[in-house]
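Dumped entry.txt below, it's compact mmCIF, C-alpha atoms (C1' of nucleotides):
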# COMPACT_ATOMS: atom_id res chain seq x y z
CA MET A 1 91.30 103.22 126.04
CA ASN A 2 94.29 104.42 124.07
CA GLU A 3 97.14 102.26 125.23
CA SER A 4 100.17 104.03 126.60
CA LEU A 5 102.53 103.20 123.75
CA ASN A 6 105.37 104.44 125.90
CA THR A 7 107.61 101.47 125.49
CA ALA A 8 108.87 99.86 122.32
CA ALA A 9 107.08 96.65 123.26
CA GLN A 10 103.77 98.45 123.60
CA ARG A 11 104.19 100.20 120.29
CA ALA A 12 105.08 96.92 118.59
CA ALA A 13 102.05 95.24 120.14
CA ALA A 14 99.76 98.01 118.92
CA ILE A 15 101.15 97.69 115.41
CA ARG A 16 100.76 93.91 115.34
CA LYS A 17 97.20 94.29 116.53
CA VAL A 18 96.36 96.63 113.67
CA VAL A 19 97.98 94.31 111.13
CA ARG A 20 96.04 91.34 112.45
CA ALA A 21 92.86 93.36 112.02
CA ILE A 22 93.34 93.75 108.26
CA LYS A 23 90.85 91.41 106.66
CA ARG A 24 91.38 88.97 103.83
CA GLY A 25 91.36 90.61 100.44
CA ASN A 26 92.29 93.99 101.89
CA PHE A 27 95.57 95.76 102.42
CA ALA A 28 96.88 98.88 104.13
CA SER A 29 100.04 100.91 103.75
CA TYR A 30 102.74 101.16 106.40
CA GLY A 31 101.74 104.71 107.08
CA GLU A 32 98.10 103.77 107.40
CA VAL A 33 98.92 100.98 109.82
CA ALA A 34 100.99 103.39 111.88
CA ARG A 35 98.13 105.90 112.06
CA ARG A 36 95.61 103.25 113.02
CA ALA A 37 97.98 102.14 115.77
CA GLY A 38 98.07 105.66 117.15
CA LEU A 39 101.58 106.27 115.81
CA PRO A 40 101.23 108.80 112.98
CA GLY A 41 104.39 109.40 111.01
CA ARG A 42 106.05 106.18 112.07
CA ALA A 43 105.65 104.02 109.00
CA ARG A 44 109.24 102.86 109.27
CA LEU A 45 108.56 101.44 112.68
CA VAL A 46 105.86 99.27 111.15
CA GLY A 47 108.39 97.81 108.74
CA GLN A 48 110.77 97.20 111.59
CA VAL A 49 108.13 95.37 113.61
CA LEU A 50 107.11 93.21 110.67
CA ARG A 51 110.71 92.35 109.95
CA GLU A 52 111.20 91.27 113.56
CA ALA A 53 108.02 89.21 113.41
CA GLY A 54 109.47 87.23 110.50
CA ASP A 55 107.29 84.34 109.38
CA ASP A 56 104.77 84.58 112.20
CA ARG A 57 101.60 82.89 110.86
CA ARG A 58 99.47 85.02 113.14
CA LEU A 59 100.50 88.13 111.28
CA PRO A 60 99.14 88.77 107.76
CA TRP A 61 102.23 90.79 106.87
CA HIS A 62 101.48 90.43 103.18
CA ARG A 63 98.52 92.77 103.61
CA VAL A 64 100.85 95.66 104.38
CA THR A 65 102.16 97.61 101.39
CA GLY A 66 104.03 100.79 100.66
CA SER A 67 102.09 103.92 99.84
CA GLY A 68 99.61 103.55 97.03
CA GLY A 69 99.72 99.76 97.20
CA ARG A 70 103.34 99.60 96.12
CA ILE A 71 105.15 96.42 97.15
CA ALA A 72 108.03 97.46 99.37
CA PHE A 73 110.31 94.52 98.63
CA PRO A 74 112.61 94.81 95.63
CA ALA A 75 110.91 93.81 92.38
CA GLY A 76 111.30 90.13 91.69
CA SER A 77 112.71 89.38 95.12
CA ARG A 78 111.59 86.40 97.15
CA GLY A 79 109.58 88.61 99.46
CA ALA A 80 107.88 90.48 96.64
CA ARG A 81 106.85 87.30 94.86
CA GLU A 82 105.58 85.73 98.06
CA GLN A 83 103.58 88.81 99.02
CA LEU A 84 102.00 89.09 95.58
CA ARG A 85 101.24 85.38 95.58
CA ARG A 86 99.49 85.54 98.94
CA LEU A 87 97.54 88.65 98.03
CA GLY A 88 96.58 87.12 94.72
CA ARG A 89 95.17 84.10 96.50
CA GLU A 90 92.95 86.47 98.43
CA GLY A 91 91.70 87.98 95.23
CA VAL A 92 93.81 91.12 95.28
CA GLN A 93 94.79 92.10 91.76
CA SER A 94 98.19 93.52 90.99
CA ARG A 95 100.02 95.20 88.17
CA GLY A 96 103.78 94.89 88.41
CA GLN A 97 104.96 96.03 91.82
CA ARG A 98 101.59 97.51 92.69
CA VAL A 99 98.44 96.00 94.08
CA LEU A 100 95.16 97.49 93.00
CA ALA A 101 92.45 98.81 95.27
CA LYS A 102 89.40 96.64 95.47
CA PRO A 103 87.12 97.58 92.58
CA GLN A 104 84.26 99.61 94.04
CA ALA A 105 81.41 98.21 91.96
CA SER A 106 79.07 99.87 94.39
CA SER A 107 77.55 102.69 92.45
CA ALA A 108 74.94 104.64 94.41
CA ARG A 109 72.25 102.64 92.66
CA THR A 110 73.84 99.34 93.49
CA LEU A 111 74.39 100.37 97.09
CA ASP A 112 70.74 101.33 97.33
CA ALA A 113 69.82 97.96 95.96
CA LEU A 114 71.82 96.28 98.69
CA LEU A 115 70.58 98.51 101.48
CA TRP A 116 66.94 98.54 100.44
CA LYS A 117 66.90 94.94 99.25
CA ILE A 118 65.44 96.01 95.93
C1' DC B 119 126.24 112.68 121.68
C1' DG B 120 126.86 111.58 116.46
C1' DG B 121 126.43 109.04 112.25
C1' DG B 122 124.49 105.18 109.50
C1' DT B 123 120.40 102.49 108.31
C1' DG B 124 115.77 101.13 106.74
C1' DA B 125 109.68 95.91 104.56
C1' DC B 126 108.42 104.49 104.69
C1' DA B 127 105.97 108.91 102.81
C1' DA B 128 105.42 113.01 100.08
C1' DC B 129 106.87 115.62 96.40
C1' DG B 130 109.34 117.01 92.25
C1' DT B 131 111.13 115.86 87.69
C1' DA C 132 105.15 105.20 85.93
C1' DA C 133 109.88 105.33 87.57
C1' DC C 134 113.45 107.38 90.02
C1' DG C 135 115.87 110.78 93.07
C1' DT C 136 115.42 113.96 97.16
C1' DT C 137 114.17 115.22 101.44
C1' DG C 138 111.91 114.67 105.83
C1' DC C 139 111.12 111.35 109.47
C1' DC C 140 111.77 108.38 113.41
C1' DA C 141 113.38 104.40 116.04
C1' DC C 142 117.53 101.58 116.47
C1' DC C 143 122.14 100.33 116.66
C1' DC C 144 126.58 100.95 116.91

Mind converting the file's structure to structure tokens?
Amino acid sequence: MNESLNTAAQRAAAIRKVVRAIKRGNFASYGEVARRAGLPGRARLVGQVLREAGDDRRLPWHRVTGSGGRIAFPAGSRGAREQLRRLGREGVQSRGQRVLAKPQASSARTLDALLWKI
DNA sequence: CGGGTGACAACGT
DNA sequence: AACGTTGCCACCC
């Protein structure tokens, strides 16, 4: 089931697939995307693939960040503003060059309430 | 084969 | 939190 990933094209395809799987309002780091694609330690390759993809609408590139939610583009650059704008539209909060993890309002009690329909 | 590069990560200061 | 270093790895001369 694990694709071969022997060729550059296969690796790129695997990476794009993982990026497409990131849902609205969520984000993942380059390193995380690489791991999910079966390519641990190859975060830079993810950046390379996204750069090649350019403005492909099928790819939610804005949902990929540096480690810890850091925006990889230079602060204030076109890319950084665009990425933050798109993430903001999806409800992702940010503080400067960093996007914040989705607030986990689910305390154990609240989770129980959801699960047990209390 | 060798050196430079980069939408990176982890760690230290 | 913001940089600087170092380790990485795929690509491209």

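Relative to atom CA of Leu5 of chain A, atom CA of Ala37 of chain A is found at 9.2 Å.
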
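Between atom CA of Gln97 of chain A and atom CA of Ile71 of chain A the interatomic distance comes to 5.3 Å.
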
So what do you get for atom CA of Gly76 of chain A versus atom C1' of DT131 of chain B, distance-wise?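 Value for the atom CA of Gly76 of chain A-atom C1' of DT131 of chain B distance: 26.0 Å.
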
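Residues in contact range of Asn6 of chain A, defined as at most 12 Å between only C-alpha atoms (C1' of nucleotides), with sequence neighbours fewer than 5 positions away removed, read Arg11, Ala12, Ala13, Ala14, Gly38 and Leu39 of chain A.
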
What residues in chain A lie within 8 Å of chain B, counting only C-alpha atoms (C1' of nucleotides), written as a PyMOL selection string? chain A and resi 30-31+42-44+47-48+50-51+66-67+72-73

Using all atoms listed in the file, select each residue of chain C with any atom at most 9 Å away from an atom of chain A, and give the selection as an MDAnalysis selection string. chainID C and resid 139:141

Box for chain C - axis-aligned, 6 Å on each of the six sides, all listed atoms - centre and size in Å to one decimal, as JSON.
{"center_x": 115.9, "center_y": 107.8, "center_z": 101.4, "size_x": 33.4, "size_y": 26.9, "size_z": 43.0}

Only N, CA and C atoms (P, O5', C5', C4', C3', O3' and C1' of nucleotides) needed: put chain C from the block into a file as a compact mmCIF listing (two decimals), in the first residue's frame.
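Below you can see result-v8.txt, which holds the result:
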# COMPACT_ATOMS: atom_id res chain seq x y z
P DA C 132 6.74 32.81 21.66
O5' DA C 132 7.70 34.05 21.45
C5' DA C 132 7.22 35.39 21.48
C4' DA C 132 8.24 36.26 20.80
C3' DA C 132 8.56 35.80 19.38
O3' DA C 132 8.84 36.92 18.57
C1' DA C 132 10.48 35.53 20.78
P DA C 133 9.24 36.79 17.08
O5' DA C 133 10.83 37.02 17.12
C5' DA C 133 11.34 38.20 17.69
C4' DA C 133 12.84 38.23 17.46
C3' DA C 133 13.23 37.86 16.03
O3' DA C 133 14.35 38.65 15.66
C1' DA C 133 14.20 36.34 17.53
P DC C 134 14.50 39.11 14.11
O5' DC C 134 15.97 38.63 13.71
C5' DC C 134 16.28 37.27 13.87
C4' DC C 134 17.66 37.14 14.49
C3' DC C 134 18.64 36.49 13.54
O3' DC C 134 19.93 37.04 13.67
C1' DC C 134 18.32 35.09 15.44
P DG C 135 21.04 36.78 12.54
O5' DG C 135 21.83 35.52 13.13
C5' DG C 135 22.60 35.66 14.32
C4' DG C 135 23.36 34.38 14.60
C3' DG C 135 24.03 33.77 13.37
O3' DG C 135 25.28 33.23 13.78
C1' DG C 135 22.47 32.22 14.29
P DT C 136 26.25 32.50 12.71
O5' DT C 136 26.41 31.02 13.29
C5' DT C 136 25.42 30.48 14.12
C4' DT C 136 25.79 29.06 14.51
C3' DT C 136 26.53 28.28 13.42
O3' DT C 136 27.39 27.32 14.03
C1' DT C 136 24.34 27.41 13.70
P DT C 137 28.26 26.33 13.11
O5' DT C 137 27.31 25.05 13.02
C5' DT C 137 26.82 24.46 14.21
C4' DT C 137 25.98 23.24 13.89
C3' DT C 137 26.55 22.37 12.78
O3' DT C 137 26.43 21.00 13.16
C1' DT C 137 24.35 23.01 12.24
P DG C 138 27.06 19.91 12.19
O5' DG C 138 25.74 19.16 11.71
C5' DG C 138 24.80 18.76 12.69
C4' DG C 138 23.58 18.17 11.99
C3' DG C 138 23.94 17.27 10.81
O3' DG C 138 23.14 16.10 10.86
C1' DG C 138 22.42 18.95 10.12
P DC C 139 23.45 14.89 9.86
O5' DC C 139 22.14 14.89 8.96
C5' DC C 139 21.63 16.08 8.51
C4' DC C 139 20.30 15.87 7.84
C3' DC C 139 20.48 15.13 6.51
O3' DC C 139 19.56 14.08 6.37
C1' DC C 139 19.78 17.45 6.16
P DC C 140 20.01 12.96 5.26
O5' DC C 140 19.01 13.24 4.04
C5' DC C 140 17.89 14.08 4.23
C4' DC C 140 17.40 14.60 2.89
C3' DC C 140 17.96 13.89 1.67
O3' DC C 140 16.98 13.78 0.68
C1' DC C 140 18.47 16.17 1.53
P DA C 141 17.20 12.75 -0.53
O5' DA C 141 16.77 13.62 -1.79
C5' DA C 141 15.47 14.18 -1.80
C4' DA C 141 15.43 15.39 -2.71
C3' DA C 141 15.82 15.09 -4.16
O3' DA C 141 14.91 15.76 -5.00
C1' DA C 141 17.19 16.82 -3.30
P DC C 142 14.85 15.33 -6.56
O5' DC C 142 15.38 16.65 -7.27
C5' DC C 142 16.25 17.49 -6.54
C4' DC C 142 16.32 18.85 -7.15
C3' DC C 142 16.77 18.84 -8.60
O3' DC C 142 16.24 19.97 -9.28
C1' DC C 142 18.51 19.69 -7.21
P DC C 143 16.44 20.00 -10.95
O5' DC C 143 17.61 21.05 -11.12
C5' DC C 143 17.74 22.12 -10.18
C4' DC C 143 19.00 22.92 -10.44
C3' DC C 143 19.58 22.77 -11.84
O3' DC C 143 20.06 24.03 -12.30
C1' DC C 143 21.20 22.20 -10.27
P DC C 144 20.28 24.25 -13.91
O5' DC C 144 21.64 23.47 -14.20
C5' DC C 144 22.76 24.20 -14.66
C4' DC C 144 23.45 24.87 -13.50
C3' DC C 144 24.86 25.34 -13.80
O3' DC C 144 25.18 26.43 -12.97
C1' DC C 144 24.98 23.69 -12.18
